[in-house]
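Source file: data25.cif; contents: mmCIF, C-alpha atoms and all ligand atoms.
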```
data_coords
loop_
_atom_site.label_atom_id
_atom_site.label_comp_id
_atom_site.auth_asym_id
_atom_site.auth_seq_id
_atom_site.Cartn_x
_atom_site.Cartn_y
_atom_site.Cartn_z
CA MET A 1 79.50 132.22 -196.65
CA ASN A 2 83.28 132.12 -196.17
CA THR A 3 84.76 131.11 -192.86
CA LEU A 4 88.42 131.33 -191.93
CA VAL A 5 89.56 129.05 -189.12
CA ILE A 6 92.82 129.98 -187.40
CA GLY A 7 94.51 126.88 -185.98
CA ALA A 8 94.55 123.31 -187.30
CA GLY A 9 94.41 121.67 -183.87
CA ILE A 10 91.49 119.42 -182.95
CA CYS A 11 89.27 122.44 -182.17
CA GLY A 12 89.79 124.23 -185.49
CA LEU A 13 89.57 121.03 -187.55
CA THR A 14 86.36 119.95 -185.81
CA ALA A 15 84.76 123.33 -186.53
CA ALA A 16 85.98 123.30 -190.14
CA ARG A 17 84.75 119.72 -190.72
CA ILE A 18 81.22 120.53 -189.48
CA LEU A 19 81.00 123.74 -191.54
CA LYS A 20 82.39 122.12 -194.68
CA ASP A 21 79.91 119.23 -194.34
CA ALA A 22 77.14 121.85 -194.05
CA GLY A 23 78.22 123.34 -197.39
CA TYR A 24 80.27 126.28 -196.15
CA ASN A 25 83.40 127.49 -197.84
CA VAL A 26 86.11 127.04 -195.18
CA VAL A 27 89.84 127.68 -195.13
CA VAL A 28 92.00 126.61 -192.18
CA VAL A 29 95.40 128.23 -191.57
CA ASP A 30 98.11 127.12 -189.16
CA LYS A 31 101.57 128.44 -188.45
CA GLY A 32 102.95 124.93 -187.93
CA ARG A 33 104.54 122.80 -190.63
CA GLY A 34 102.04 120.05 -189.88
CA ILE A 35 98.56 119.87 -188.47
CA GLY A 36 97.29 118.73 -185.05
CA GLY A 37 98.62 121.47 -182.74
CA ARG A 38 99.14 119.89 -179.33
CA MET A 39 98.20 116.46 -180.73
CA ALA A 40 101.76 116.29 -181.98
CA THR A 41 103.82 113.38 -183.30
CA ARG A 42 107.48 113.89 -184.15
CA ARG A 43 109.99 111.64 -185.91
CA THR A 44 113.71 111.70 -185.11
CA GLY A 45 115.54 109.16 -187.25
CA ASP A 46 113.47 105.98 -186.89
CA ALA A 47 112.05 106.99 -183.51
CA VAL A 48 108.44 108.22 -183.37
CA PHE A 49 107.31 110.33 -180.40
CA ASP A 50 103.92 111.57 -179.29
CA HIS A 51 105.41 114.62 -177.60
CA GLY A 52 102.19 116.51 -176.77
CA ALA A 53 98.96 114.77 -175.78
CA GLN A 54 99.45 111.08 -174.99
CA PHE A 55 95.92 109.78 -175.26
CA VAL A 56 92.37 110.88 -175.87
CA THR A 57 89.28 110.09 -173.82
CA ALA A 58 85.58 110.49 -174.64
CA ARG A 59 83.05 111.41 -171.98
CA THR A 60 80.25 112.33 -174.41
CA GLU A 61 78.36 110.18 -176.90
CA TRP A 62 79.14 112.64 -179.69
CA PHE A 63 82.92 112.41 -179.20
CA ASN A 64 82.76 108.65 -178.71
CA ALA A 65 81.18 108.50 -182.17
CA VAL A 66 83.98 110.71 -183.57
CA LEU A 67 86.61 108.33 -182.18
CA ALA A 68 84.69 105.25 -183.33
CA GLU A 69 84.62 106.72 -186.85
CA CYS A 70 88.41 107.27 -186.68
CA GLN A 71 88.77 103.66 -185.51
CA ARG A 72 86.72 102.33 -188.42
CA ASN A 73 89.09 104.15 -190.75
CA ASP A 74 92.18 102.82 -188.95
CA HIS A 75 93.23 106.21 -187.52
CA ALA A 76 92.57 105.50 -183.82
CA ASP A 77 92.37 102.52 -181.53
CA ILE A 78 92.08 101.71 -177.85
CA TRP A 79 95.32 101.92 -175.92
CA TYR A 80 94.29 101.03 -172.37
CA GLY A 81 91.72 101.63 -169.63
CA GLY A 82 87.97 101.46 -169.79
CA THR A 83 87.70 98.80 -167.12
CA GLU A 84 85.54 99.16 -164.01
CA ASP A 85 88.31 100.61 -161.84
CA ASP A 86 89.60 102.90 -164.61
CA THR A 87 86.51 104.43 -166.16
CA HIS A 88 87.74 106.32 -169.25
CA THR A 89 89.08 104.31 -172.15
CA ARG A 90 92.35 105.82 -173.39
CA TRP A 91 92.54 105.95 -177.18
CA ARG A 92 95.69 106.50 -179.22
CA GLY A 93 96.23 107.60 -182.81
CA THR A 94 97.16 104.50 -184.82
CA HIS A 95 100.42 106.01 -186.11
CA GLY A 96 100.76 108.57 -183.33
CA MET A 97 98.32 111.16 -182.05
CA THR A 98 98.40 113.17 -185.30
CA SER A 99 96.60 110.30 -187.06
CA ILE A 100 93.33 111.62 -185.59
CA PRO A 101 93.57 115.29 -186.73
CA LYS A 102 94.95 114.11 -190.07
CA HIS A 103 91.83 112.03 -190.57
CA LEU A 104 89.58 114.97 -189.62
CA SER A 105 91.41 117.20 -192.10
CA GLU A 106 90.76 114.96 -195.12
CA GLY A 107 89.12 117.01 -197.87
CA LEU A 108 89.56 120.32 -196.02
CA ASP A 109 91.49 123.29 -197.39
CA VAL A 110 94.27 123.53 -194.77
CA ARG A 111 97.18 125.93 -195.31
CA THR A 112 100.11 125.07 -193.06
CA SER A 113 103.24 127.22 -192.47
CA THR A 114 100.89 130.22 -192.56
CA GLN A 115 101.30 132.40 -189.48
CA VAL A 116 98.53 134.90 -188.81
CA THR A 117 99.86 138.26 -187.63
CA SER A 118 96.63 140.23 -187.16
CA VAL A 119 92.85 139.92 -187.28
CA SER A 120 90.73 143.00 -187.95
CA PHE A 121 87.06 143.81 -188.64
CA ARG A 122 86.16 146.32 -191.39
CA ASP A 123 83.04 146.77 -193.51
CA ALA A 124 81.34 143.78 -191.84
CA LEU A 125 84.16 141.46 -192.93
CA TRP A 126 87.06 139.79 -191.12
CA HIS A 127 90.51 140.59 -192.52
CA VAL A 128 93.31 138.24 -191.59
CA GLU A 129 96.90 139.21 -192.34
CA CYS A 130 99.60 136.54 -192.42
CA SER A 131 103.38 136.55 -192.57
CA GLU A 132 104.88 136.52 -196.05
CA GLY A 133 102.13 138.77 -197.36
CA HIS A 134 99.19 136.32 -197.43
CA ALA A 135 95.81 137.82 -196.51
CA PHE A 136 92.27 136.44 -196.23
CA THR A 137 88.86 138.08 -196.06
CA ALA A 138 85.93 136.18 -194.60
CA ASN A 139 82.41 136.63 -193.27
CA ALA A 140 83.31 134.67 -190.16
CA CYS A 141 86.53 133.95 -188.29
CA ILE A 142 87.04 131.17 -185.75
CA LEU A 143 90.12 131.80 -183.65
CA THR A 144 91.45 128.64 -181.95
CA ALA A 145 95.04 129.59 -181.02
CA PRO A 146 95.69 129.41 -177.26
CA VAL A 147 93.88 132.42 -175.77
CA PRO A 148 96.91 134.66 -175.00
CA GLN A 149 98.01 134.23 -178.66
CA ALA A 150 94.46 134.85 -179.89
CA LEU A 151 94.32 138.10 -177.89
CA THR A 152 97.62 139.26 -179.42
CA LEU A 153 96.17 138.76 -182.93
CA LEU A 154 92.98 140.69 -182.09
CA ASP A 155 95.00 143.49 -180.49
CA ALA A 156 97.29 143.69 -183.53
CA GLY A 157 94.21 144.25 -185.71
CA GLY A 158 92.67 146.80 -183.33
CA VAL A 159 89.58 144.67 -182.53
CA ALA A 160 87.80 146.31 -179.60
CA LEU A 161 86.50 143.66 -177.20
CA SER A 162 84.06 144.64 -174.46
CA ILE A 163 85.62 145.07 -171.02
CA ASP A 164 83.91 141.90 -169.76
CA ASP A 165 85.02 139.75 -172.72
CA ARG A 166 88.60 141.03 -172.47
CA ARG A 167 88.72 140.41 -168.74
CA ALA A 168 87.35 136.88 -169.20
CA LEU A 169 89.94 136.09 -171.90
CA GLU A 170 92.83 137.58 -169.94
CA ASN A 171 91.86 135.33 -167.04
CA LEU A 172 92.53 132.21 -169.15
CA THR A 173 96.13 131.30 -168.35
CA TYR A 174 97.92 128.04 -169.17
CA GLU A 175 100.31 125.60 -167.51
CA ARG A 176 103.71 125.00 -169.12
CA CYS A 177 105.39 121.68 -169.80
CA PHE A 178 108.75 120.42 -171.04
CA ALA A 179 108.62 117.35 -173.28
CA VAL A 180 111.81 115.31 -173.59
CA MET A 181 112.11 112.92 -176.52
CA ALA A 182 114.64 110.22 -175.62
CA THR A 183 115.82 107.37 -177.83
CA LEU A 184 116.95 104.23 -175.99
CA ALA A 185 119.73 101.78 -176.80
CA HIS A 186 117.45 98.83 -175.88
CA PRO A 187 113.78 98.29 -175.11
CA LEU A 188 112.94 98.89 -171.43
CA SER A 189 113.25 95.83 -169.20
CA VAL A 190 109.84 96.68 -167.71
CA HIS A 191 106.74 96.76 -169.95
CA LEU A 192 105.07 100.20 -169.67
CA GLU A 193 101.60 99.39 -170.98
CA ARG A 194 100.48 102.90 -169.94
CA PRO A 195 102.30 106.16 -168.98
CA LEU A 196 104.18 105.95 -165.70
CA ALA A 197 103.78 108.77 -163.17
CA PRO A 198 106.82 108.77 -160.85
CA ALA A 199 106.11 109.27 -157.14
CA ALA A 200 106.46 112.85 -155.87
CA PRO A 201 108.70 114.68 -155.40
CA SER A 202 109.89 114.40 -159.00
CA PRO A 203 110.34 116.93 -161.81
CA ILE A 204 108.59 114.35 -164.03
CA ALA A 205 104.83 114.15 -164.47
CA LEU A 206 104.84 111.11 -166.76
CA ILE A 207 107.01 108.81 -168.83
CA SER A 208 105.46 107.14 -171.85
CA ASP A 209 107.06 104.35 -173.89
CA ASN A 210 106.27 105.01 -177.57
CA TYR A 211 107.64 101.55 -178.49
CA ALA A 212 105.34 99.70 -176.09
CA LYS A 213 102.51 101.97 -177.25
CA GLY A 214 103.06 100.58 -180.73
CA ILE A 215 103.78 103.81 -182.59
CA SER A 216 107.58 103.68 -182.77
CA PRO A 217 109.60 100.90 -184.43
CA VAL A 218 112.57 101.70 -182.17
CA PRO A 219 112.56 102.05 -178.36
CA CYS A 220 112.01 105.65 -177.29
CA LEU A 221 110.38 107.57 -174.43
CA THR A 222 108.40 110.77 -174.09
CA ILE A 223 109.03 112.42 -170.73
CA HIS A 224 106.78 115.26 -169.53
CA SER A 225 107.89 117.58 -166.76
CA THR A 226 105.51 118.78 -164.07
CA PRO A 227 104.01 122.25 -164.71
CA GLU A 228 105.79 123.56 -161.59
CA PHE A 229 109.19 122.40 -162.88
CA ALA A 230 108.50 123.93 -166.32
CA LEU A 231 107.51 127.27 -164.82
CA HIS A 232 110.56 127.34 -162.56
CA TYR A 233 113.10 126.42 -165.28
CA TRP A 234 111.43 128.10 -168.31
CA GLU A 235 114.20 130.71 -168.74
CA ASN A 236 116.95 128.25 -167.80
CA ASP A 237 119.43 126.98 -170.38
CA ARG A 238 117.48 124.25 -172.25
CA ALA A 239 120.49 121.88 -172.49
CA GLU A 240 120.85 122.00 -168.68
CA THR A 241 117.13 121.42 -168.22
CA LEU A 242 117.33 118.45 -170.58
CA THR A 243 120.21 116.98 -168.55
CA MET A 244 118.17 117.32 -165.34
CA LEU A 245 115.13 115.55 -166.82
CA VAL A 246 117.24 112.77 -168.38
CA ALA A 247 118.96 112.18 -165.01
CA ALA A 248 115.58 112.06 -163.24
CA THR A 249 114.33 109.53 -165.82
CA HIS A 250 117.39 107.39 -165.27
CA ASP A 251 116.70 107.41 -161.52
CA VAL A 252 113.24 105.94 -162.21
CA LEU A 253 113.97 103.46 -165.02
CA GLN A 254 117.79 102.92 -165.15
CA CYS A 255 117.49 103.05 -168.96
CA ASP A 256 120.23 103.66 -171.50
CA ILE A 257 119.36 106.94 -173.33
CA ILE A 258 121.46 107.41 -176.48
CA ASP A 259 119.87 110.60 -177.85
CA ALA A 260 117.54 113.22 -176.35
CA SER A 261 115.98 116.55 -177.27
CA ILE A 262 113.62 118.91 -175.47
CA HIS A 263 110.55 120.90 -176.48
CA GLY A 264 108.86 123.56 -174.35
CA TRP A 265 105.05 123.80 -174.41
CA LYS A 266 104.34 127.36 -173.28
CA PHE A 267 100.58 126.76 -173.49
CA SER A 268 100.19 123.20 -172.36
CA ARG A 269 96.81 123.02 -170.62
CA PRO A 270 94.46 125.80 -169.49
CA GLU A 271 94.48 126.42 -165.73
CA ARG A 272 90.92 127.74 -165.81
CA GLN A 273 87.95 127.24 -168.10
CA HIS A 274 85.70 129.90 -169.59
CA SER A 275 82.06 129.55 -168.54
CA ALA A 276 80.85 129.12 -172.17
CA PRO A 277 81.93 126.43 -174.73
CA CYS A 278 83.16 129.26 -177.02
CA LEU A 279 83.09 133.07 -176.99
CA ALA A 280 81.11 134.87 -179.70
CA PRO A 281 81.10 138.59 -178.80
CA ALA A 282 77.66 140.03 -179.56
CA ASP A 283 79.11 143.29 -180.94
CA LEU A 284 81.57 141.53 -183.30
CA PRO A 285 79.41 139.44 -185.67
CA GLY A 286 81.15 136.40 -187.13
CA LEU A 287 83.98 136.23 -184.59
CA VAL A 288 84.22 133.11 -182.43
CA VAL A 289 87.06 132.39 -180.02
CA ALA A 290 87.33 128.68 -179.16
CA GLY A 291 89.67 125.99 -177.87
CA ASP A 292 90.32 123.82 -174.82
CA ALA A 293 90.17 126.88 -172.52
CA PHE A 294 86.42 126.91 -173.31
CA GLY A 295 85.42 123.27 -173.70
CA GLY A 296 87.72 121.79 -171.05
CA PRO A 297 91.46 121.09 -170.63
CA ARG A 298 91.68 118.04 -172.85
CA ILE A 299 91.26 116.95 -176.47
CA GLU A 300 87.57 116.23 -176.12
CA GLY A 301 87.03 119.66 -174.54
CA ALA A 302 88.77 121.33 -177.50
CA ALA A 303 86.68 119.31 -179.97
CA LEU A 304 83.45 120.20 -178.14
CA SER A 305 84.45 123.87 -178.28
CA GLY A 306 85.08 123.56 -182.04
CA LYS A 307 81.64 122.00 -182.43
CA ALA A 308 80.09 124.85 -180.43
CA ALA A 309 81.90 127.41 -182.62
CA ALA A 310 80.61 125.76 -185.81
CA ASP A 311 77.08 125.53 -184.37
CA HIS A 312 77.22 129.25 -183.60
CA ILE A 313 78.17 130.09 -187.21
CA LEU A 314 75.43 127.76 -188.53
CA MET A 315 72.82 129.47 -186.32
CA ARG A 316 73.66 132.97 -187.58
C1 LIG A 401 102.33 118.09 -173.11
C2 LIG A 401 100.85 117.96 -173.26
C3 LIG A 401 100.21 116.79 -172.87
C4 LIG A 401 98.82 116.67 -173.00
N1 LIG A 401 98.23 115.48 -172.71
C5 LIG A 401 96.92 115.30 -172.99
C6 LIG A 401 96.34 114.01 -172.91
O1 LIG A 401 97.01 113.00 -172.66
N2 LIG A 401 94.99 113.91 -173.19
C7 LIG A 401 94.23 115.00 -173.52
O2 LIG A 401 93.02 114.83 -173.76
N3 LIG A 401 94.78 116.22 -173.64
C8 LIG A 401 96.11 116.39 -173.40
N4 LIG A 401 96.68 117.62 -173.59
C9 LIG A 401 95.83 118.76 -173.94
C10 LIG A 401 95.39 118.68 -175.41
O3 LIG A 401 96.49 118.43 -176.23
C11 LIG A 401 94.73 120.01 -175.77
O4 LIG A 401 93.67 120.26 -174.86
C12 LIG A 401 94.15 120.04 -177.20
O5 LIG A 401 94.97 119.36 -178.12
C13 LIG A 401 93.96 121.50 -177.59
O6 LIG A 401 93.46 121.59 -178.91
P1 LIG A 401 93.18 123.03 -179.57
O7 LIG A 401 92.76 122.78 -180.96
O8 LIG A 401 92.29 123.79 -178.65
O9 LIG A 401 94.58 123.81 -179.50
P2 LIG A 401 95.94 123.49 -180.27
O10 LIG A 401 96.13 122.04 -180.47
O11 LIG A 401 97.01 124.23 -179.52
O12 LIG A 401 95.73 124.15 -181.70
C14 LIG A 401 95.89 125.54 -181.91
C15 LIG A 401 96.61 125.72 -183.23
O13 LIG A 401 96.70 127.13 -183.49
C16 LIG A 401 97.91 127.35 -184.20
N5 LIG A 401 98.27 128.77 -184.08
C17 LIG A 401 98.59 129.47 -182.96
N6 LIG A 401 98.87 130.75 -183.27
C18 LIG A 401 98.74 130.85 -184.63
C19 LIG A 401 98.94 131.91 -185.57
N7 LIG A 401 99.33 133.14 -185.17
N8 LIG A 401 98.73 131.67 -186.88
C20 LIG A 401 98.35 130.43 -187.31
N9 LIG A 401 98.16 129.38 -186.46
C21 LIG A 401 98.36 129.59 -185.15
C22 LIG A 401 98.89 126.43 -183.53
O14 LIG A 401 100.00 126.16 -184.38
C23 LIG A 401 98.04 125.20 -183.24
O15 LIG A 401 98.19 124.22 -184.26
C24 LIG A 401 98.07 117.76 -173.49
C25 LIG A 401 98.72 118.92 -173.91
C26 LIG A 401 100.10 119.02 -173.82
C27 LIG A 401 100.80 120.24 -174.34
#
```
Would you give me this structure, written as structure tokens?
Ligand SMILES: Cc1cc2nc3c(=O)[nH]c(=O)nc-3n(C[C@H](O)[C@H](O)[C@H](O)COP(=O)(O)OP(=O)(O)OC[C@H]3O[C@@H](n4cnc5c(N)ncnc54)[C@H](O)[C@@H]3O)c2cc1C
Amino acid sequence: MNTLVIGAGICGLTAARILKDAGYNVVVVDKGRGIGGRMATRRTGDAVFDHGAQFVTARTEWFNAVLAECQRNDHADIWYGGTEDDTHTRWRGTHGMTSIPKHLSEGLDVRTSTQVTSVSFRDALWHVECSEGHAFTANACILTAPVPQALTLLDAGGVALSIDDRRALENLTYERCFAVMATLAHPLSVHLERPLAPAAPSPIALISDNYAKGISPVPCLTIHSTPEFALHYWENDRAETLTMLVAATHDVLQCDIIDASIHGWKFSRPERQHSAPCLAPADLPGLVVAGDAFGGPRIEGAALSGKAAADHILMR
């Protein structure tokens, strides 16, 4: 039984891990240069930034055990929270958030820099075409790209979804977010032991100090815009948008930023959640669409959806 998993974010890697451990032959492909998807850590010079997800929480016993296993292997540890007034413990990746997906990917066949361009179904098999001429054929295909991107791949391959499934998928839209990565001349004078959320009205949703978090050897901040700001300024000149967000950060922290860059997350978090933990269309055997739009708008939700996708394949 061959399974192709599209996307090496937490959802795809969770599904692949479970299937591989059950003896399946699994290949994971991702268009990115690295793995982790929105659990992203970037280095600029000596500065290390978590520029996507900042922390991970566990509300289920199963995911708590996943994080505890990462902790035992020195890939995750507790950052803050978990006290009576702050119920969910916030975990961080030991060397940045990508430490966690990197650990999950150990021993898996993961092909990065491999962009899927279409997914089609012929002769009871899934055919996946990639840029630069790569192609895969599999009995099952788990599609974990953000849903609008997943739909584009299915449409490119002429996969006919039922009207209800298509409508449900088209309903799954996402917030946007700008992430600014700013290197500081000096450590902040205040100690940010957790992300700071400036009081409204502000274009900034949170400011996180990667140095205080313990993942960067030099002082640097990750600054996330609000979804409303990102939507409004998405088509704006990015350098101008960067200047606005840097100025707003300075208003809050009076810090000395010596270098800054900006990244736009077009699919940051799902605005709505599908009613099922993954979608396995009855008339398309072997296809499973999964991700945080199914399991819930956070890392644990994406992992739970990946688990549900793997369970579906195992039950076939
Ligand atoms: C700015 C930001 C802050 C966040 N903060 C938090 C937080 O603090 N805590 C939290 O729990 N959650 C947070 N989230 C949400 C969390 O990151 C996501 O819910 C989770 O990581 C989604 O995982 P996933 O595997 O479903 O999707 P992704 O991580 O997006 O993985 C999908 C993968 O598919 C790949 N892909 C897409 N198209 C193709 C293609 N054509 N070919 C090949 N590969 C493809 C992508 O490269 C990507 O690696 C945040 C997200 C963002 C963007």
Which residues are close to Val26 in chain A, i.e. within 12 Å by only C-alpha atoms, leaving aside same-chain residues fewer than 2 positions away? Reply as an MDAnalysis selection string.
chainID A and resid 1:6 12:24 28:29 105 107:111 136:142 310 313
Next, write the just-selected residues to a file, as a PDB file, keeping the file's coordinate frame, keeping C-alpha atoms as the atom set.
```
ATOM      1  CA  MET A   1      79.500 132.220-196.650  1.00  0.00           C
ATOM      2  CA  ASN A   2      83.280 132.120-196.170  1.00  0.00           C
ATOM      3  CA  THR A   3      84.760 131.110-192.860  1.00  0.00           C
ATOM      4  CA  LEU A   4      88.420 131.330-191.930  1.00  0.00           C
ATOM      5  CA  VAL A   5      89.560 129.050-189.120  1.00  0.00           C
ATOM      6  CA  ILE A   6      92.820 129.980-187.400  1.00  0.00           C
ATOM      7  CA  GLY A  12      89.790 124.230-185.490  1.00  0.00           C
ATOM      8  CA  LEU A  13      89.570 121.030-187.550  1.00  0.00           C
ATOM      9  CA  THR A  14      86.360 119.950-185.810  1.00  0.00           C
ATOM     10  CA  ALA A  15      84.760 123.330-186.530  1.00  0.00           C
ATOM     11  CA  ALA A  16      85.980 123.300-190.140  1.00  0.00           C
ATOM     12  CA  ARG A  17      84.750 119.720-190.720  1.00  0.00           C
ATOM     13  CA  ILE A  18      81.220 120.530-189.480  1.00  0.00           C
ATOM     14  CA  LEU A  19      81.000 123.740-191.540  1.00  0.00           C
ATOM     15  CA  LYS A  20      82.390 122.120-194.680  1.00  0.00           C
ATOM     16  CA  ASP A  21      79.910 119.230-194.340  1.00  0.00           C
ATOM     17  CA  ALA A  22      77.140 121.850-194.050  1.00  0.00           C
ATOM     18  CA  GLY A  23      78.220 123.340-197.390  1.00  0.00           C
ATOM     19  CA  TYR A  24      80.270 126.280-196.150  1.00  0.00           C
ATOM     20  CA  VAL A  28      92.000 126.610-192.180  1.00  0.00           C
ATOM     21  CA  VAL A  29      95.400 128.230-191.570  1.00  0.00           C
ATOM     22  CA  SER A 105      91.410 117.200-192.100  1.00  0.00           C
ATOM     23  CA  GLY A 107      89.120 117.010-197.870  1.00  0.00           C
ATOM     24  CA  LEU A 108      89.560 120.320-196.020  1.00  0.00           C
ATOM     25  CA  ASP A 109      91.490 123.290-197.390  1.00  0.00           C
ATOM     26  CA  VAL A 110      94.270 123.530-194.770  1.00  0.00           C
ATOM     27  CA  ARG A 111      97.180 125.930-195.310  1.00  0.00           C
ATOM     28  CA  PHE A 136      92.270 136.440-196.230  1.00  0.00           C
ATOM     29  CA  THR A 137      88.860 138.080-196.060  1.00  0.00           C
ATOM     30  CA  ALA A 138      85.930 136.180-194.600  1.00  0.00           C
ATOM     31  CA  ASN A 139      82.410 136.630-193.270  1.00  0.00           C
ATOM     32  CA  ALA A 140      83.310 134.670-190.160  1.00  0.00           C
ATOM     33  CA  CYS A 141      86.530 133.950-188.290  1.00  0.00           C
ATOM     34  CA  ILE A 142      87.040 131.170-185.750  1.00  0.00           C
ATOM     35  CA  ALA A 310      80.610 125.760-185.810  1.00  0.00           C
ATOM     36  CA  ILE A 313      78.170 130.090-187.210  1.00  0.00           C
TER      37      ILE A 313
END
```
Residues at most 7 Å from range 268-277 of chain A, counting all atoms listed in the file, excluding those fewer than 2 positions away in the same chain, as number ranges by chain?
A: 172-177, 265-266, 279, 293-297, 305, 308
Restrict the selected residues to C-alpha atoms and save them as an mmCIF file, in the frame of the given file.
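So the final result, stored in out-v6.cif, reads:
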```cif
data_model
loop_
_atom_site.group_PDB
_atom_site.id
_atom_site.type_symbol
_atom_site.label_atom_id
_atom_site.label_comp_id
_atom_site.auth_asym_id
_atom_site.auth_seq_id
_atom_site.Cartn_x
_atom_site.Cartn_y
_atom_site.Cartn_z
ATOM 1 C CA LEU A 172 92.530 132.210 -169.150
ATOM 2 C CA THR A 173 96.130 131.300 -168.350
ATOM 3 C CA TYR A 174 97.920 128.040 -169.170
ATOM 4 C CA GLU A 175 100.310 125.600 -167.510
ATOM 5 C CA ARG A 176 103.710 125.000 -169.120
ATOM 6 C CA CYS A 177 105.390 121.680 -169.800
ATOM 7 C CA TRP A 265 105.050 123.800 -174.410
ATOM 8 C CA LYS A 266 104.340 127.360 -173.280
ATOM 9 C CA LEU A 279 83.090 133.070 -176.990
ATOM 10 C CA ALA A 293 90.170 126.880 -172.520
ATOM 11 C CA PHE A 294 86.420 126.910 -173.310
ATOM 12 C CA GLY A 295 85.420 123.270 -173.700
ATOM 13 C CA GLY A 296 87.720 121.790 -171.050
ATOM 14 C CA PRO A 297 91.460 121.090 -170.630
ATOM 15 C CA SER A 305 84.450 123.870 -178.280
ATOM 16 C CA ALA A 308 80.090 124.850 -180.430
#
```
From (92.5, 112.7, -187.2), in the file's coordinates, out to 9 Å: which residues are reached, counting all atoms listed in the file? Answer as a PyMOL selection string.
chain A and resi 10+13+36+67+70+75-76+93+97-106
For chain A versus ligand LIG 401 (chain A), which residues have an atom no more than 6 Å away, and what is each residue's nearest atom pair and distance in Å rounded to one decimal, using all atoms listed in the file, chain-then-number order, as CSV?
```
residue,atom,partner,partner_atom,distance
A:Ile6,CA,A:LIG401,N9,5.5
A:Gly7,CA,A:LIG401,O13,3.3
A:Ala8,CA,A:LIG401,O15,4.8
A:Gly9,CA,A:LIG401,O7,3.5
A:Ile10,CA,A:LIG401,O7,4.1
A:Cys11,CA,A:LIG401,O7,3.7
A:Gly12,CA,A:LIG401,O7,5.6
A:Val29,CA,A:LIG401,C20,5.6
A:Asp30,CA,A:LIG401,N9,3.5
A:Lys31,CA,A:LIG401,C20,4.0
A:Gly32,CA,A:LIG401,O14,4.8
A:Gly36,CA,A:LIG401,O15,5.6
A:Gly37,CA,A:LIG401,O15,3.2
A:Arg38,CA,A:LIG401,O10,3.9
A:Met39,CA,A:LIG401,O5,5.1
A:Gly52,CA,A:LIG401,C1,4.0
A:Ala53,CA,A:LIG401,N1,3.2
A:Gln54,CA,A:LIG401,O1,3.9
A:Phe55,CA,A:LIG401,O1,4.3
A:Val56,CA,A:LIG401,O2,4.5
A:Thr114,CA,A:LIG401,C20,5.8
A:Gln115,CA,A:LIG401,N8,3.7
A:Val116,CA,A:LIG401,N8,3.8
A:Thr117,CA,A:LIG401,N7,5.7
A:Thr144,CA,A:LIG401,C14,5.4
A:Ala145,CA,A:LIG401,O13,3.9
A:Pro146,CA,A:LIG401,O11,5.8
A:Gln149,CA,A:LIG401,N6,5.8
A:Cys177,CA,A:LIG401,C1,5.8
A:Trp265,CA,A:LIG401,C27,5.5
A:Ser268,CA,A:LIG401,C27,3.6
A:Arg269,CA,A:LIG401,C9,5.5
A:Gly291,CA,A:LIG401,O8,3.5
A:Asp292,CA,A:LIG401,O8,4.3
A:Pro297,CA,A:LIG401,O4,4.8
A:Arg298,CA,A:LIG401,O2,3.6
A:Ile299,CA,A:LIG401,O2,3.9
A:Ala302,CA,A:LIG401,O8,4.4
```
Could you give me, as JSON, numbers by chain, the residues within 7 Å of range 207-212 of chain A, counting all atoms listed in the file and dropping anything in the same chain fewer than 4 positions from it?
{"A": [48, 49, 191, 192, 193, 194, 195, 196, 197, 216, 217, 218, 219, 220, 221, 222, 223, 224]}
List the neighbours of His232 in chain A out to 12 Å using all atoms listed in the file; skip same-chain residues closer than 2 positions along the sequence, and give me the result as an mmCIF file with C-alpha atoms, in the coordinates of the input.
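selection.cif, freshly written:
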```cif
data_model
loop_
_atom_site.group_PDB
_atom_site.id
_atom_site.type_symbol
_atom_site.label_atom_id
_atom_site.label_comp_id
_atom_site.auth_asym_id
_atom_site.auth_seq_id
_atom_site.Cartn_x
_atom_site.Cartn_y
_atom_site.Cartn_z
ATOM 1 C CA GLU A 175 100.310 125.600 -167.510
ATOM 2 C CA ARG A 176 103.710 125.000 -169.120
ATOM 3 C CA CYS A 177 105.390 121.680 -169.800
ATOM 4 C CA PHE A 178 108.750 120.420 -171.040
ATOM 5 C CA PRO A 203 110.340 116.930 -161.810
ATOM 6 C CA SER A 225 107.890 117.580 -166.760
ATOM 7 C CA THR A 226 105.510 118.780 -164.070
ATOM 8 C CA PRO A 227 104.010 122.250 -164.710
ATOM 9 C CA GLU A 228 105.790 123.560 -161.590
ATOM 10 C CA PHE A 229 109.190 122.400 -162.880
ATOM 11 C CA ALA A 230 108.500 123.930 -166.320
ATOM 12 C CA TRP A 234 111.430 128.100 -168.310
ATOM 13 C CA GLU A 235 114.200 130.710 -168.740
ATOM 14 C CA ASN A 236 116.950 128.250 -167.800
ATOM 15 C CA ASP A 237 119.430 126.980 -170.380
ATOM 16 C CA THR A 241 117.130 121.420 -168.220
#
```
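In this comparison, which uses only C-alpha atoms, the residue of A:Ala282, A:Gly301, A:His250, A:Glu84 approaching Ile204 in chain A most closely is A:His250.
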In Å, with one decimal, what is the gap from CA of His88 in chain A to CA of Asp50 in chain A?
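CA of Asp50 in chain A lies 19.8 Å from CA of His88 in chain A.
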Minimum-distance residue to Ala199 in chain A, chosen among A:Ala156, A:Ala168, A:Ala248, A:Leu143 (using all atoms listed in the file)
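Smallest separation from Ala199 in chain A among the options: A:Ala248.
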Rank A:Glu240, A:Asp165, A:Asp251, A:Glu300 by their smallest atom-to-atom distance to Asp283 in chain A, using only C-alpha atoms, and report the top residue only.
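Going through A:Glu240, A:Asp165, A:Asp251, A:Glu300 one by one, the smallest distance to Asp283 in chain A is for A:Asp165.
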Quick check, in Å to one decimal: how far apart do CA of Leu151 in chain A and CA of Val288 in chain A lie?
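Atom-to-atom, CA of Leu151 in chain A to CA of Val288 in chain A, that is 12.1 Å.
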